[in-house]
Amino acid sequence: MAVTYPTNVKASRMTAVRDNIDAGGAAGKLEICSAAYASILATIPLGYSGASTGTVSGAVLTLSGFPRSDTSADNTGTAAVARIRTSANVDVITGLTVGLSGSDINLDSLSITAGQTVTINSAAITHA
């Protein structure tokens with residue numbers, strides 16, 4: 001039997017996720033990485049402090065201020081996985097899939113070259 005949660009519990013959990021992204025004392029970040037997090041390819045800064053980070057509606061946390069970009073990608077490689085971390089490099093969400101469509105993070109190309117601009121147009125996280 002599948003585990004289910006009422007909407008108010010999902011909203012509370014997603015609010016806790018948002019608050020944990022802010023827990024590092026500054027804006028958190030989305031890191032796009034090569035397989036097994038071997039290399040950080042691009043780092044997208046997130047908003048900071050409550051609604052500036054994102055808003056929760058029911059089971060969905062919609063991150064604010066998009067599109068957001070890394071205007072100079074950190075390394076060259078193939079994007080395979082992503083994570084959301086605090087500014088203090090504490091993982092909040094790991095195991096985000098990266099692909100061209102149908103993934104947690106959808107990019108126009110999985111090939112990232114150091115120095116290029118990488119832009120994310122929108123971001124929403126839905127409670128399972």
# chains A, B, ... in the order shown; residues from 1 in each chain; ligands from 1
>>> closest_atom_pairs(of="segment 43-91 of chain A", to="segment 30-38 of chain A", cutoff="6 Å", atoms="only C-alpha atoms", output="Markdown table")
| residue | atom | partner | partner_atom | distance |
| --- | --- | --- | --- | --- |
| A:Thr43 | CA | A:Glu31 | CA | 4.6 |
| A:Ile44 | CA | A:Leu30 | CA | 5.0 |
| A:Thr78 | CA | A:Ser34 | CA | 5.5 |
| A:Ala79 | CA | A:Ser34 | CA | 4.8 |
| A:Ala80 | CA | A:Ser34 | CA | 5.0 |
| A:Val81 | CA | A:Cys33 | CA | 5.4 |
| A:Ala82 | CA | A:Ile32 | CA | 4.5 |
| A:Arg83 | CA | A:Glu31 | CA | 5.4 |
| A:Ile84 | CA | A:Leu30 | CA | 4.5 |
>>> select_by_dssp(residues="chain A", states="alpha helix (DSSP H)", output="VMD selection string")
chain A and resid 7 to 21
>>> atom_distance(atom1="atom CA of Gly102 of chain A", atom2="atom CA of Ile120 of chain A")
14.7 Å
>>> closest_residue(among="A:Thr53, A:Gly58, A:Ser39, A:Val90", to="Ala128 of chain A", atoms="only C-alpha atoms")
A:Gly58
>>> atom_distance(atom1="atom CA of Ser12 of chain A", atom2="atom CA of Ser122 of chain A")
21.9 Å
>>> closest_atom_pairs(of="segment 41-86 of chain A", to="segment 13-29 of chain A", cutoff="9 Å", atoms="only C-alpha atoms", output="CSV")
residue,atom,partner,partner_atom,distance
A:Thr43,CA,A:Lys29,CA,6.4
A:Ile44,CA,A:Lys29,CA,5.5
A:Pro45,CA,A:Lys29,CA,4.5
A:Leu46,CA,A:Lys29,CA,5.1
A:Gly47,CA,A:Ala27,CA,5.5
A:Tyr48,CA,A:Ala27,CA,4.4
A:Ser49,CA,A:Asp22,CA,6.0
A:Gly50,CA,A:Asp19,CA,6.7
A:Ala51,CA,A:Arg18,CA,8.8
A:Thr53,CA,A:Arg18,CA,6.8
A:Gly54,CA,A:Arg18,CA,6.7
A:Thr55,CA,A:Thr15,CA,8.0
A:Val56,CA,A:Thr15,CA,6.3
A:Ser57,CA,A:Met14,CA,8.8
A:Gly58,CA,A:Met14,CA,8.5
A:Ala59,CA,A:Met14,CA,6.7
A:Val60,CA,A:Met14,CA,6.9
A:Leu61,CA,A:Met14,CA,6.0
A:Leu63,CA,A:Arg18,CA,8.5
A:Arg83,CA,A:Lys29,CA,8.3
A:Ile84,CA,A:Lys29,CA,5.7
A:Arg85,CA,A:Lys29,CA,5.5
A:Thr86,CA,A:Gly28,CA,4.2
>>> atom_distance(atom1="atom CA of Leu107 of chain A", atom2="atom CA of Asn121 of chain A")
9.4 Å
>>> select_by_dssp(residues="chain A", states="strand (DSSP E)", output="ChimeraX atom specification")
/A:29-33,40-45,54-57,60-63,68-70,77-78,81-85,91-99,105-106,111-112,118-120,124-126
>>> closest_residue(among="A:Leu110, A:Leu41, A:Val98, A:Val118", to="Thr71 of chain A", atoms="only C-alpha atoms")
A:Val118
>>> closest_residue(among="A:Val92, A:Ala124, A:Ala73, A:Ala2", to="Ile40 of chain A", atoms="only C-alpha atoms")
A:Ala73
